file input03.txt (compact mmCIF, C-alpha atoms)
# COMPACT_ATOMS: atom_id res chain seq x y z
CA MET A 12 29.70 -14.85 -7.44
CA GLN A 13 27.51 -14.72 -10.55
CA LYS A 14 27.53 -18.51 -10.85
CA LEU A 15 26.35 -19.05 -7.28
CA LEU A 16 23.74 -16.29 -7.43
CA THR A 17 22.18 -17.83 -10.54
CA SER A 18 22.33 -21.49 -9.48
CA ASN A 19 19.54 -23.95 -8.82
CA ILE A 20 20.36 -24.37 -5.13
CA ILE A 21 17.03 -26.00 -4.23
CA PRO A 22 16.28 -28.65 -6.88
CA SER A 23 12.65 -29.45 -7.53
CA ASN A 24 11.36 -33.05 -7.42
CA HIS A 25 14.35 -34.24 -5.41
CA PRO A 26 14.03 -37.92 -4.33
CA ILE A 27 14.75 -37.19 -0.65
CA LYS A 28 11.66 -34.97 -0.41
CA ASP A 29 9.60 -38.16 0.00
CA LEU A 30 11.75 -39.65 2.77
CA PRO A 31 10.81 -39.50 6.47
CA GLU A 32 12.62 -36.74 8.37
CA LYS A 33 15.04 -39.08 10.15
CA PHE A 34 16.26 -40.37 6.79
CA LYS A 35 16.50 -36.84 5.39
CA ILE A 36 18.80 -36.00 8.31
CA LEU A 37 21.01 -39.03 7.59
CA TYR A 38 21.23 -38.05 3.94
CA LEU A 39 22.02 -34.40 4.67
CA LYS A 40 24.63 -35.29 7.29
CA GLY A 41 26.38 -37.40 4.68
CA LEU A 42 26.16 -34.64 2.12
CA GLY A 43 27.59 -32.11 4.59
CA GLU A 44 30.47 -34.43 5.44
CA ALA A 45 31.29 -35.08 1.76
CA LEU A 46 31.35 -31.32 1.02
CA CYS A 47 33.19 -30.35 4.20
CA LEU A 48 35.86 -32.93 3.36
CA ILE A 49 36.91 -31.07 0.19
CA GLU A 50 37.91 -27.65 1.52
CA PRO A 51 35.89 -26.53 4.55
CA ASN A 52 37.53 -23.27 5.58
CA SER A 53 38.21 -21.44 2.30
CA GLN A 54 35.89 -18.87 0.75
CA MET A 55 34.75 -21.58 -1.68
CA GLY A 56 34.06 -23.83 1.30
CA GLN A 57 31.89 -21.12 2.85
CA LYS A 58 29.93 -20.86 -0.39
CA ALA A 59 29.39 -24.62 -0.34
CA LYS A 60 28.27 -24.36 3.30
CA PHE A 61 25.75 -21.69 2.29
CA CYS A 62 24.30 -23.95 -0.44
CA TYR A 63 24.18 -26.84 2.01
CA ASP A 64 22.37 -24.79 4.67
CA VAL A 65 19.79 -23.57 2.12
CA LEU A 66 19.16 -27.18 1.08
CA CYS A 67 18.73 -28.23 4.72
CA GLU A 68 16.27 -25.39 5.31
CA SER A 69 14.31 -26.45 2.25
CA PHE A 70 14.03 -30.11 3.30
CA LEU A 71 13.92 -29.76 7.10
CA GLY A 72 12.67 -26.23 7.72
CA ASN A 73 15.94 -25.26 9.46
CA THR A 74 19.70 -25.72 9.25
CA LEU A 75 21.14 -29.01 10.49
CA GLU A 76 23.23 -28.82 13.64
CA GLY A 77 26.33 -31.00 13.34
CA GLY A 78 25.81 -31.57 9.64
CA TRP A 79 28.94 -29.74 8.54
CA GLU A 80 31.68 -31.95 10.00
CA VAL A 81 34.05 -34.74 9.07
CA THR A 82 34.06 -37.90 11.19
CA LYS A 83 37.10 -40.12 11.59
CA ASP A 84 35.64 -43.00 9.58
CA LEU A 85 33.41 -40.87 7.29
CA ARG A 86 30.40 -42.77 8.63
CA HIS A 87 27.87 -40.12 7.60
CA ILE A 88 28.81 -40.54 3.93
CA LYS A 89 28.45 -44.30 4.19
CA LYS A 90 25.06 -44.11 5.90
CA ALA A 91 23.74 -41.61 3.36
CA GLN A 92 24.63 -43.88 0.45
CA ASN A 93 23.03 -46.89 2.13
CA LEU A 94 19.64 -45.22 2.41
CA CYS A 95 16.94 -46.84 0.29
CA ARG A 96 14.10 -45.12 -1.47
CA SER A 97 10.86 -45.86 0.33
CA GLY A 98 9.51 -49.21 -0.83
CA LEU A 99 12.41 -49.80 -3.24
CA LYS A 100 14.90 -51.94 -1.32
CA PHE A 101 17.45 -52.29 -4.11
CA PHE A 102 17.38 -48.69 -5.24
CA ARG A 103 19.67 -46.83 -2.88
CA MET A 104 20.33 -43.09 -2.71
CA SER A 105 23.94 -43.14 -3.99
CA ASP A 106 22.98 -41.83 -7.41
CA CYS A 107 21.32 -38.63 -6.20
CA PHE A 108 23.80 -38.33 -3.31
CA TRP A 109 26.79 -37.91 -5.60
CA TRP A 110 24.77 -35.70 -7.93
CA ASP A 111 24.21 -33.37 -4.94
CA VAL A 112 27.85 -33.49 -3.84
CA TYR A 113 29.30 -32.52 -7.20
CA ARG A 114 26.46 -30.13 -8.03
CA ILE A 115 27.08 -28.01 -4.92
CA ALA A 116 30.86 -28.30 -5.35
CA SER A 117 30.52 -27.02 -8.91
CA GLN A 118 28.17 -24.16 -7.94
CA SER A 119 30.48 -22.94 -5.17
CA GLY A 120 33.76 -23.38 -7.04
CA LEU A 121 35.18 -26.26 -5.00
CA PRO A 122 37.91 -28.20 -6.86
CA ILE A 123 35.92 -31.28 -7.87
CA ASN A 124 38.91 -32.76 -9.75
CA TYR A 125 41.01 -32.64 -6.57
CA SER A 126 42.92 -36.00 -6.50
CA ASN A 127 43.34 -36.03 -2.71
CA TYR A 128 39.57 -35.83 -2.39
CA ASP A 129 39.15 -39.03 -4.39
CA ASN A 130 41.75 -40.73 -2.20
CA SER A 131 39.95 -39.64 0.97
CA LEU A 132 36.68 -41.12 -0.30
CA LYS A 133 38.02 -44.54 -1.29
CA LYS A 134 36.72 -46.29 1.83
CA THR A 135 33.22 -44.84 1.35
CA VAL A 136 32.75 -45.88 -2.29
CA GLY A 137 32.07 -49.52 -3.10
CA ILE A 138 31.63 -51.55 -6.25
CA PHE A 139 28.00 -50.52 -6.75
CA THR A 140 28.39 -46.86 -5.73
CA LYS A 141 31.59 -45.95 -7.54
CA LYS A 142 29.83 -45.64 -10.89
CA PHE A 143 27.46 -43.00 -9.46
CA LYS A 144 30.33 -40.96 -8.03
CA GLU A 145 32.33 -41.07 -11.26
CA SER A 146 29.27 -40.30 -13.38
CA ALA A 147 28.39 -37.27 -11.24
CA LYS A 148 31.99 -36.02 -11.30
CA LYS A 149 32.20 -36.28 -15.10
CA HIS A 150 28.74 -34.74 -15.48
CA PHE A 151 29.67 -31.55 -13.63
CA LEU A 152 33.35 -31.39 -14.61
CA ASN A 153 33.13 -32.28 -18.28
CA GLY A 154 29.44 -32.01 -19.18
CA ASP A 155 29.06 -35.80 -19.45
CA ASN A 156 25.50 -37.07 -19.97
CA GLY A 157 25.33 -38.50 -16.43
CA SER A 158 23.69 -41.71 -17.64
CA ALA A 159 24.06 -43.41 -14.23
CA LEU A 160 22.26 -40.55 -12.45
CA PRO A 161 18.49 -39.95 -11.99
CA ASP A 162 17.01 -38.45 -15.15
CA ILE A 163 14.86 -35.99 -13.21
CA LEU A 164 17.98 -34.49 -11.57
CA VAL A 165 20.21 -34.54 -14.64
CA THR A 166 17.54 -32.59 -16.54
CA GLN A 167 17.77 -29.84 -13.92
CA SER A 168 21.55 -29.59 -14.10
CA ARG A 169 21.39 -29.64 -17.90
CA ASP A 170 19.00 -26.66 -17.78
CA GLU A 171 21.58 -24.86 -15.68
CA PHE A 172 24.39 -25.78 -18.12
CA THR A 173 22.31 -24.42 -21.02
CA PHE A 174 21.58 -21.19 -19.15
CA ARG A 175 25.30 -20.65 -18.47
CA GLN A 176 26.24 -21.08 -22.11
CA LEU A 177 24.34 -17.91 -22.96
CA PRO A 178 26.27 -14.65 -22.46
CA LEU A 179 25.30 -12.48 -19.50
CA LYS A 180 23.77 -9.19 -20.65
CA ARG A 181 24.42 -6.29 -18.26
CA VAL A 182 21.75 -3.57 -18.35
CA LEU A 183 22.55 -0.26 -16.62
CA ILE A 184 19.55 1.86 -15.59
CA VAL A 185 20.04 5.58 -14.90
CA GLY A 186 17.73 8.53 -14.45
CA THR A 187 16.91 11.61 -12.44
CA MET A 188 15.21 11.38 -9.07
CA SER A 189 11.58 10.27 -9.48
CA ALA A 190 11.98 9.61 -13.21
CA GLY A 191 10.62 6.13 -12.55
CA LYS A 192 13.81 4.03 -12.38
CA SER A 193 12.66 1.88 -9.47
CA THR A 194 9.27 1.26 -11.05
CA LEU A 195 11.01 0.25 -14.29
CA VAL A 196 13.25 -2.19 -12.37
CA ASN A 197 10.22 -3.70 -10.64
CA ALA A 198 8.38 -3.94 -13.97
CA LEU A 199 11.23 -5.80 -15.66
CA ILE A 200 11.71 -8.21 -12.78
CA GLY A 201 8.03 -8.56 -11.96
CA GLN A 202 8.67 -8.22 -8.21
CA ASN A 203 8.80 -5.29 -5.83
CA VAL A 204 12.54 -5.34 -5.20
CA ALA A 205 13.25 -1.63 -5.62
CA LYS A 206 11.47 0.81 -3.30
CA VAL A 207 9.20 3.32 -5.01
CA LYS A 208 8.66 6.65 -3.24
CA THR A 209 8.30 10.29 -4.14
CA THR A 210 11.49 10.97 -2.16
CA VAL A 211 14.98 9.65 -2.83
CA CYS A 212 15.20 5.85 -2.65
CA THR A 213 18.24 4.24 -4.25
CA LYS A 214 21.40 5.31 -2.39
CA ALA A 215 24.00 2.99 -3.93
CA ILE A 216 24.56 0.69 -6.88
CA SER A 217 22.37 -2.41 -6.77
CA TYR A 218 23.12 -5.51 -8.88
CA LEU A 219 20.09 -7.69 -9.64
CA TYR A 220 20.73 -11.05 -11.32
CA ASN A 221 18.11 -13.18 -13.04
CA ASN A 222 17.90 -16.64 -11.47
CA PRO A 223 15.31 -18.65 -13.44
CA PHE A 224 15.52 -21.62 -11.06
CA ILE A 225 14.26 -20.29 -7.71
CA ASP A 226 11.35 -18.23 -6.40
CA SER A 227 13.18 -16.64 -3.49
CA VAL A 228 16.05 -14.18 -3.00
CA ILE A 229 19.75 -14.95 -2.73
CA TYR A 230 21.79 -11.95 -1.70
CA SER A 231 25.45 -11.17 -1.03
CA ASP A 232 27.73 -8.35 0.00
CA GLY A 233 30.40 -9.90 -2.20
CA THR A 234 31.79 -12.19 0.51
CA ALA A 235 28.97 -13.57 2.66
CA TYR A 236 25.83 -15.12 1.17
CA ASN A 237 22.31 -15.32 2.55
CA HIS A 238 18.93 -16.59 1.45
CA ASN A 239 15.40 -15.54 2.24
CA SER A 240 12.03 -16.68 1.00
CA GLY A 241 10.61 -13.14 1.33
CA ILE A 242 10.93 -10.96 -1.75
CA GLU A 243 9.27 -7.56 -1.62
CA ASN A 244 11.51 -4.67 -0.52
CA SER A 245 14.12 -7.09 0.76
CA PHE A 246 17.67 -6.20 1.75
CA ASP A 247 17.93 -2.71 0.30
CA ASP A 248 21.48 -2.21 1.55
CA ILE A 249 22.83 -5.49 0.15
CA PRO A 250 24.43 -4.75 -3.26
CA ASN A 251 24.04 -8.15 -4.97
CA LYS A 252 20.74 -10.00 -5.24
CA SER A 253 19.33 -12.73 -7.45
CA ILE A 254 15.70 -13.43 -8.13
CA ARG A 255 13.58 -15.02 -10.84
CA PHE A 256 12.75 -12.39 -13.48
CA LYS A 257 9.30 -12.72 -15.02
CA GLY A 258 8.01 -12.16 -18.52
CA SER A 259 9.72 -12.61 -21.88
CA ILE A 260 13.17 -12.06 -20.31
CA GLU A 261 12.86 -14.84 -17.72
CA LYS A 262 15.13 -17.30 -19.58
CA GLN A 263 17.86 -14.73 -20.30
CA PRO A 264 21.06 -14.38 -18.25
CA LEU A 265 20.52 -10.75 -17.24
CA LEU A 266 22.10 -8.39 -14.75
CA ILE A 267 20.18 -5.19 -14.01
CA ILE A 268 22.34 -2.45 -12.50
CA ASP A 269 20.24 0.08 -10.62
CA THR A 270 21.77 3.47 -9.75
CA PRO A 271 20.96 6.48 -7.53
CA GLY A 272 19.06 9.43 -9.02
CA VAL A 273 21.56 12.00 -10.25
CA ASP A 274 19.81 15.17 -9.05
CA TYR A 275 19.37 14.60 -5.32
CA ALA A 276 20.15 18.05 -3.93
CA TYR A 277 21.04 16.90 -0.41
CA ASP A 278 23.75 14.39 -1.32
CA GLU A 279 26.14 15.02 -4.22
CA SER A 280 27.57 11.50 -3.84
CA HIS A 281 24.49 10.11 -5.61
CA ARG A 282 25.38 11.95 -8.79
CA LYS A 283 29.04 10.94 -8.55
CA ILE A 284 28.21 7.26 -7.99
CA THR A 285 25.97 7.14 -11.05
CA TYR A 286 28.28 9.15 -13.32
CA ASP A 287 31.29 7.05 -12.31
CA THR A 288 29.32 3.90 -13.13
CA ILE A 289 28.37 5.28 -16.54
CA LYS A 290 31.98 6.23 -17.29
CA ARG A 291 33.33 2.87 -16.13
CA GLY A 292 31.44 1.26 -19.00
CA ASP A 293 31.09 -2.29 -17.65
CA TYR A 294 27.62 -2.80 -19.11
CA ASP A 295 26.18 -3.88 -22.47
CA LEU A 296 23.09 -1.70 -22.65
CA LEU A 297 22.27 1.62 -20.98
CA LEU A 298 18.63 2.51 -20.28
CA CYS A 299 18.24 6.22 -19.57
CA VAL A 300 14.86 6.79 -17.91
CA ASN A 301 13.27 10.16 -18.66
CA ASN A 302 10.22 11.68 -17.03
CA GLY A 303 7.99 12.32 -20.05
CA PRO A 304 5.77 15.01 -18.50
CA TYR A 305 8.82 16.93 -17.18
CA ILE A 306 11.40 16.23 -19.87
CA GLU A 307 12.66 19.83 -20.01
CA ARG A 308 14.01 19.88 -16.46
CA ASN A 309 17.70 20.85 -16.20
CA GLY A 310 18.60 17.56 -14.51
CA GLU A 311 17.22 15.58 -17.45
CA ASN A 312 19.23 17.58 -20.00
CA GLU A 313 22.45 17.30 -18.02
CA LEU A 314 22.07 13.53 -17.66
CA ILE A 315 21.30 13.10 -21.36
CA ASP A 316 24.43 15.10 -22.27
CA PHE A 317 26.57 12.97 -19.98
CA VAL A 318 25.13 9.71 -21.27
CA LEU A 319 25.77 10.72 -24.87
CA LYS A 320 29.45 11.34 -24.13
CA GLN A 321 29.91 7.59 -23.78
CA LYS A 322 31.16 6.32 -27.11
CA ASN A 323 30.45 2.89 -28.61
CA LYS A 324 27.71 2.15 -26.08
CA LYS A 325 24.21 0.93 -26.87
CA ILE A 326 21.79 3.45 -25.39
CA VAL A 327 18.00 3.37 -25.16
CA PHE A 328 15.93 6.26 -23.80
CA ILE A 329 12.83 5.30 -21.81
CA PHE A 330 10.21 8.04 -22.28
CA ASN A 331 8.37 7.19 -19.08
CA GLN A 332 5.13 8.04 -17.23
CA LEU A 333 3.18 8.78 -20.41
CA ASP A 334 0.03 7.45 -18.76
CA ARG A 335 -0.05 10.80 -16.92
CA PHE A 336 -0.67 12.76 -20.15
CA ASP A 337 -4.14 14.24 -20.60
CA PRO A 338 -5.51 13.95 -24.16
CA ALA A 339 -7.39 17.22 -23.65
CA ASP A 340 -4.21 19.22 -23.07
CA ASP A 341 -1.22 17.06 -24.10
CA SER A 342 0.06 15.25 -27.15
CA ILE A 343 2.26 12.17 -26.72
CA GLU A 344 3.12 12.30 -30.42
CA GLU A 345 4.23 15.93 -30.24
CA SER A 346 6.24 15.34 -27.05
CA LEU A 347 8.04 12.43 -28.70
CA LYS A 348 8.80 14.58 -31.75
CA GLN A 349 10.31 17.24 -29.48
CA PHE A 350 12.36 14.64 -27.61
CA LYS A 351 13.62 13.14 -30.87
CA ALA A 352 14.53 16.63 -32.07
CA LEU A 353 16.41 17.21 -28.81
CA LEU A 354 18.43 14.02 -29.30
CA LYS A 355 19.02 14.83 -32.97
CA SER A 356 20.41 18.23 -31.97
CA LYS A 357 22.90 16.31 -29.84
CA LYS A 358 23.75 14.10 -32.83
CA CYS A 359 22.08 11.05 -31.32
CA ASP A 360 19.84 8.52 -33.06
CA ALA A 361 19.34 6.18 -30.09
CA ARG A 362 16.12 4.19 -29.69
CA ILE A 363 13.27 5.77 -27.71
CA VAL A 364 10.72 3.58 -25.91
CA PRO A 365 7.43 5.30 -24.95
CA PHE A 366 6.54 3.69 -21.64
CA SER A 367 4.30 3.46 -18.60
CA GLY A 368 6.35 1.89 -15.83
CA LYS A 369 3.41 1.84 -13.45
CA ALA A 370 1.16 -0.06 -15.85
CA ALA A 371 3.95 -2.49 -16.74
CA TYR A 372 4.67 -3.28 -13.09
CA LEU A 373 1.02 -3.81 -12.15
CA LEU A 374 0.49 -6.04 -15.19
CA LYS A 375 3.41 -8.23 -14.09
CA LYS A 376 1.97 -8.43 -10.56
CA GLU A 377 -1.40 -9.39 -12.00
CA LEU A 378 0.14 -12.47 -13.62
CA ASP A 379 0.83 -13.92 -10.16
CA GLY A 380 -2.39 -12.72 -8.59
CA ASN A 381 -0.46 -10.44 -6.23
CA LEU A 382 -2.47 -7.27 -6.70
CA SER A 383 -3.73 -5.48 -3.62
CA ARG A 384 -7.23 -3.98 -3.68
CA PHE A 385 -5.75 -0.54 -4.40
CA ASP A 386 -3.48 -2.03 -7.12
CA SER A 387 -6.52 -3.62 -8.78
CA ILE A 388 -8.37 -0.32 -8.85
CA GLU A 389 -5.34 1.50 -10.27
CA LEU A 390 -4.67 -1.15 -12.91
CA ALA A 391 -8.31 -1.16 -14.01
CA ALA A 392 -8.08 2.61 -14.59
CA LEU A 393 -4.82 2.21 -16.52
CA LYS A 394 -6.28 -0.55 -18.69
CA GLU A 395 -9.23 1.69 -19.52
CA LYS A 396 -6.78 4.42 -20.56
CA MET A 397 -4.65 2.07 -22.64
CA SER A 398 -7.72 0.77 -24.46
CA SER A 399 -7.79 4.08 -26.33
CA LEU A 400 -5.52 4.82 -29.27
CA PHE A 401 -4.07 7.88 -27.50
CA TYR A 402 -2.44 5.69 -24.82
CA ASP A 403 -1.23 2.90 -27.13
CA LEU A 404 2.42 3.45 -26.21
CA GLY A 405 3.53 0.36 -28.12
CA MET A 406 2.24 1.96 -31.31
CA TYR A 407 4.26 5.12 -30.70
CA GLY A 408 7.37 2.99 -30.21
CA THR A 409 7.01 0.50 -33.06
CA GLY A 410 4.70 2.21 -35.54
CA VAL A 411 2.30 -0.74 -35.36
CA CYS A 412 -1.01 -0.67 -33.48
CA SER A 413 -1.04 -3.01 -30.49
CA GLY A 414 -3.60 -5.79 -30.31
CA GLU A 415 -6.84 -5.04 -28.52
CA GLY A 416 -6.42 -6.07 -24.90
CA ASP A 417 -2.66 -6.64 -25.28
CA TYR A 418 -1.80 -4.32 -22.42
CA PHE A 419 1.82 -5.47 -22.19
CA ALA A 420 2.32 -4.13 -25.72
CA ARG A 421 0.21 -1.04 -25.08
CA CYS A 422 2.23 0.03 -22.01
CA GLY A 423 5.48 -0.33 -23.99
CA LEU A 424 6.85 -3.32 -22.05
CA THR A 425 6.80 -5.78 -24.96
CA ASN A 426 8.81 -3.34 -27.07
CA LEU A 427 11.32 -2.71 -24.27
CA GLU A 428 11.87 -6.39 -23.40
CA THR A 429 12.34 -7.23 -27.08
CA ILE A 430 15.03 -4.54 -27.32
CA ILE A 431 16.78 -5.79 -24.16
CA VAL A 432 16.89 -9.37 -25.48
CA ASN A 433 17.93 -8.52 -29.04
CA GLN A 434 20.00 -5.34 -28.92
call {"tool": "encode", "arguments": {"input": "input03.txt", "output": "structure tokens"}}
result
Amino acid sequence: MQKLLTSNIIPSNHPIKDLPEKFKILYLKGLGEALCLIEPNSQMGQKAKFCYDVLCESFLGNTLEGGWEVTKDLRHIKKAQNLCRSGLKFFRMSDCFWWDVYRIASQSGLPINYSNYDNSLKKTVGIFTKKFKESAKKHFLNGDNGSALPDILVTQSRDEFTFRQLPLKRVLIVGTMSAGKSTLVNALIGQNVAKVKTTVCTKAISYLYNNPFIDSVIYSDGTAYNHNSGIENSFDDIPNKSIRFKGSIEKQPLLIIDTPGVDYAYDESHRKITYDTIKRGDYDLLLCVNNGPYIERNGENELIDFVLKQKNKKIVFIFNQLDRFDPADDSIEESLKQFKALLKSKKCDARIVPFSGKAAYLLKKELDGNLSRFDSIELAALKEKMSSLFYDLGMYGTGVCSGEGDYFARCGLTNLETIIVNQ
């Protein structure tokens, strides 16, 4: 599942984008036939069908009726390979065709070294097209350089190979209700994928994968897969989603695990779900989000105690919502000292990140120009706050003053993302 959710399903700069629609249809019918021929009815076949449908939607604007079928003489495969690039009579589409076939087969787990598949395709592969098929197969099966394939496409698959060689880092995020978990998730991803309300939001575990290759959402219940170009507040009840993370973590294989707030009085299952997930231990880093202005609440203490029972786990405490402190009445420095003393009394020396989730999220949105009028007003006020030394949260976390105007550092996000990547 992870491989498919983090795949480049819609390649950029694909040669068929420039073809007339009727030729795109011929190409896609051939591609569907070649994929359907491998193993059409298994779970892997359904994954391949999903990738195929997404590709059709990208190139045609809709799925292709009759594209997922095998004809008696495999005529669709033959026609697809015989297509010529516009104006280039001798440069046919076989090279990118076989790149697509084996790329989707690899992404969906289809057995691309299946000998019967090669036998079935013998009548569709000629002297001039065989080298493209074999090059694509070796490229995706053995990491061959794919010298017979289009450079622009091979570069994209190589980027995906490189991404997969890095270990996946699983980051578990826990906190009390309204501690700012959802805002933290949105700030890390740079998209509004977790609902933010003053009432309870997250009801179940949500798994959010970084996909650096697409700008839309792929989501799955673990069996079926779907795709949607809309992003904000999408598919709250679907446990597995992938989306392009933004910021300094965008090239990292990351899984963010979002959990329900542990102190929802009307449903004890929220607490049990989160505590069971913490105990299960299938994560690499635990971020415990604490509400800075209300750190002494009983729910916060209980959660901290439970988190610290987990041995041999990397834990970071997010001291959140510090932008709400008033310099006339509050002291961020003193509050941090008290929180550090609290952790020390529990024999804990975990990292603490002073943080403003709201500022971090709005700064990420600003990068894409997605701020609403109200967001712009709120961010302007937060920037004015963070321009003062009192609200330089990066300084409290690292001991070094943040650069003037470096609001990502001042809200604590630079420090947090550095820890996520390196710890």
call {"tool": "atom_distance", "arguments": {"input": "input03.txt", "atom1": "CA of Ile36 (chain A)", "atom2": "CA of Ala91 (chain A)"}}
result
9.0 Å
call {"tool": "closest_residue", "arguments": {"input": "input03.txt", "among": "A:Tyr402, A:Tyr220, A:Trp79, A:Phe108", "to": "Val196 (chain A)", "atoms": "all atoms listed in the file"}}
result
A:Tyr220
call {"tool": "atom_distance", "arguments": {"input": "input03.txt", "atom1": "CA of Thr429 (chain A)", "atom2": "CA of Asp341 (chain A)"}}
result
28.0 Å
call {"tool": "residues_around", "arguments": {"input": "input03.txt", "residues": "Leu333 (chain A)", "least_positions_apart": "2", "cutoff": "8 Å", "atoms": "all atoms listed in the file", "output": "MDAnalysis selection string"}}
result
chainID A and resid 303:304 330:331 335:336 343 365:367 402 404
call {"tool": "atom_distance", "arguments": {"input": "input03.txt", "atom1": "CA of Asn301 (chain A)", "atom2": "CA of Gly423 (chain A)"}}
result
14.1 Å
call {"tool": "closest_residue", "arguments": {"input": "input03.txt", "among": "A:Asp287, A:Glu389, A:Glu428, A:Glu171", "to": "Gln321 (chain A)", "atoms": "only C-alpha atoms"}}
result
A:Asp287
call {"tool": "residues_around", "arguments": {"input": "input03.txt", "residues": "Ala59 (chain A)", "least_positions_apart": "2", "cutoff": "7 Å", "atoms": "only C-alpha atoms", "output": "ChimeraX atom specification"}}
result
/A:55-57,61-63,115-116,119
call {"tool": "closest_atom_pairs", "arguments": {"input": "input03.txt", "of": "region 346-428 of chain A", "to": "region 184-195 of chain A", "cutoff": "8 Å", "atoms": "all atoms listed in the file", "output": "CSV"}}
result
residue,atom,partner,partner_atom,distance
A:Gly368,CA,A:Leu195,CA,5.2
A:Lys369,CA,A:Thr194,CA,6.4
A:Ala371,CA,A:Leu195,CA,8.0
A:Tyr372,CA,A:Thr194,CA,6.8
call {"tool": "residues_around", "arguments": {"input": "input03.txt", "residues": "Arg181 (chain A)", "least_positions_apart": "2", "cutoff": "8 Å", "atoms": "only C-alpha atoms", "output": "mmCIF file with C-alpha atoms, keeping the file's coordinate frame"}}
result
data_model
loop_
_atom_site.group_PDB
_atom_site.id
_atom_site.type_symbol
_atom_site.label_atom_id
_atom_site.label_comp_id
_atom_site.auth_asym_id
_atom_site.auth_seq_id
_atom_site.Cartn_x
_atom_site.Cartn_y
_atom_site.Cartn_z
ATOM 1 C CA LEU A 179 25.300 -12.480 -19.500
ATOM 2 C CA LEU A 183 22.550 -0.260 -16.620
ATOM 3 C CA LEU A 265 20.520 -10.750 -17.240
ATOM 4 C CA LEU A 266 22.100 -8.390 -14.750
ATOM 5 C CA ILE A 267 20.180 -5.190 -14.010
ATOM 6 C CA ILE A 268 22.340 -2.450 -12.500
ATOM 7 C CA ASP A 293 31.090 -2.290 -17.650
ATOM 8 C CA TYR A 294 27.620 -2.800 -19.110
ATOM 9 C CA ASP A 295 26.180 -3.880 -22.470
ATOM 10 C CA LEU A 296 23.090 -1.700 -22.650
#
call {"tool": "closest_residue", "arguments": {"input": "input03.txt", "among": "A:Cys107, A:Ile200, A:Ala235, A:Cys47", "to": "Ala159 (chain A)", "atoms": "all atoms listed in the file"}}
result
A:Cys107
call {"tool": "residues_around", "arguments": {"input": "input03.txt", "residues": "Leu46 (chain A)", "least_positions_apart": "2", "cutoff": "12 Å", "atoms": "only C-alpha atoms", "output": "PyMOL selection string"}}
result
chain A and resi 39-44+48-52+55-64+78-81+85+87-88+108-123+128+131-132
call {"tool": "write_last_selection", "arguments": {"input": "input03.txt", "atoms": "C-alpha atoms", "output": "mmCIF file, keeping the file's coordinate frame"}}
result
data_model
loop_
_atom_site.group_PDB
_atom_site.id
_atom_site.type_symbol
_atom_site.label_atom_id
_atom_site.label_comp_id
_atom_site.auth_asym_id
_atom_site.auth_seq_id
_atom_site.Cartn_x
_atom_site.Cartn_y
_atom_site.Cartn_z
ATOM 1 C CA LEU A 39 22.020 -34.400 4.670
ATOM 2 C CA LYS A 40 24.630 -35.290 7.290
ATOM 3 C CA GLY A 41 26.380 -37.400 4.680
ATOM 4 C CA LEU A 42 26.160 -34.640 2.120
ATOM 5 C CA GLY A 43 27.590 -32.110 4.590
ATOM 6 C CA GLU A 44 30.470 -34.430 5.440
ATOM 7 C CA LEU A 48 35.860 -32.930 3.360
ATOM 8 C CA ILE A 49 36.910 -31.070 0.190
ATOM 9 C CA GLU A 50 37.910 -27.650 1.520
ATOM 10 C CA PRO A 51 35.890 -26.530 4.550
ATOM 11 C CA ASN A 52 37.530 -23.270 5.580
ATOM 12 C CA MET A 55 34.750 -21.580 -1.680
ATOM 13 C CA GLY A 56 34.060 -23.830 1.300
ATOM 14 C CA GLN A 57 31.890 -21.120 2.850
ATOM 15 C CA LYS A 58 29.930 -20.860 -0.390
ATOM 16 C CA ALA A 59 29.390 -24.620 -0.340
ATOM 17 C CA LYS A 60 28.270 -24.360 3.300
ATOM 18 C CA PHE A 61 25.750 -21.690 2.290
ATOM 19 C CA CYS A 62 24.300 -23.950 -0.440
ATOM 20 C CA TYR A 63 24.180 -26.840 2.010
ATOM 21 C CA ASP A 64 22.370 -24.790 4.670
ATOM 22 C CA GLY A 78 25.810 -31.570 9.640
ATOM 23 C CA TRP A 79 28.940 -29.740 8.540
ATOM 24 C CA GLU A 80 31.680 -31.950 10.000
ATOM 25 C CA VAL A 81 34.050 -34.740 9.070
ATOM 26 C CA LEU A 85 33.410 -40.870 7.290
ATOM 27 C CA HIS A 87 27.870 -40.120 7.600
ATOM 28 C CA ILE A 88 28.810 -40.540 3.930
ATOM 29 C CA PHE A 108 23.800 -38.330 -3.310
ATOM 30 C CA TRP A 109 26.790 -37.910 -5.600
ATOM 31 C CA TRP A 110 24.770 -35.700 -7.930
ATOM 32 C CA ASP A 111 24.210 -33.370 -4.940
ATOM 33 C CA VAL A 112 27.850 -33.490 -3.840
ATOM 34 C CA TYR A 113 29.300 -32.520 -7.200
ATOM 35 C CA ARG A 114 26.460 -30.130 -8.030
ATOM 36 C CA ILE A 115 27.080 -28.010 -4.920
ATOM 37 C CA ALA A 116 30.860 -28.300 -5.350
ATOM 38 C CA SER A 117 30.520 -27.020 -8.910
ATOM 39 C CA GLN A 118 28.170 -24.160 -7.940
ATOM 40 C CA SER A 119 30.480 -22.940 -5.170
ATOM 41 C CA GLY A 120 33.760 -23.380 -7.040
ATOM 42 C CA LEU A 121 35.180 -26.260 -5.000
ATOM 43 C CA PRO A 122 37.910 -28.200 -6.860
ATOM 44 C CA ILE A 123 35.920 -31.280 -7.870
ATOM 45 C CA TYR A 128 39.570 -35.830 -2.390
ATOM 46 C CA SER A 131 39.950 -39.640 0.970
ATOM 47 C CA LEU A 132 36.680 -41.120 -0.300
#
call {"tool": "axis_aligned_box", "arguments": {"input": "input03.txt", "around": "region 44-52 of chain A", "padding_each_side": "3 Å", "output": "AutoDock Vina command-line options"}}
result
--center_x 34.2 --center_y -29.2 --center_z 2.9 --size_x 13.4 --size_y 17.8 --size_z 11.4
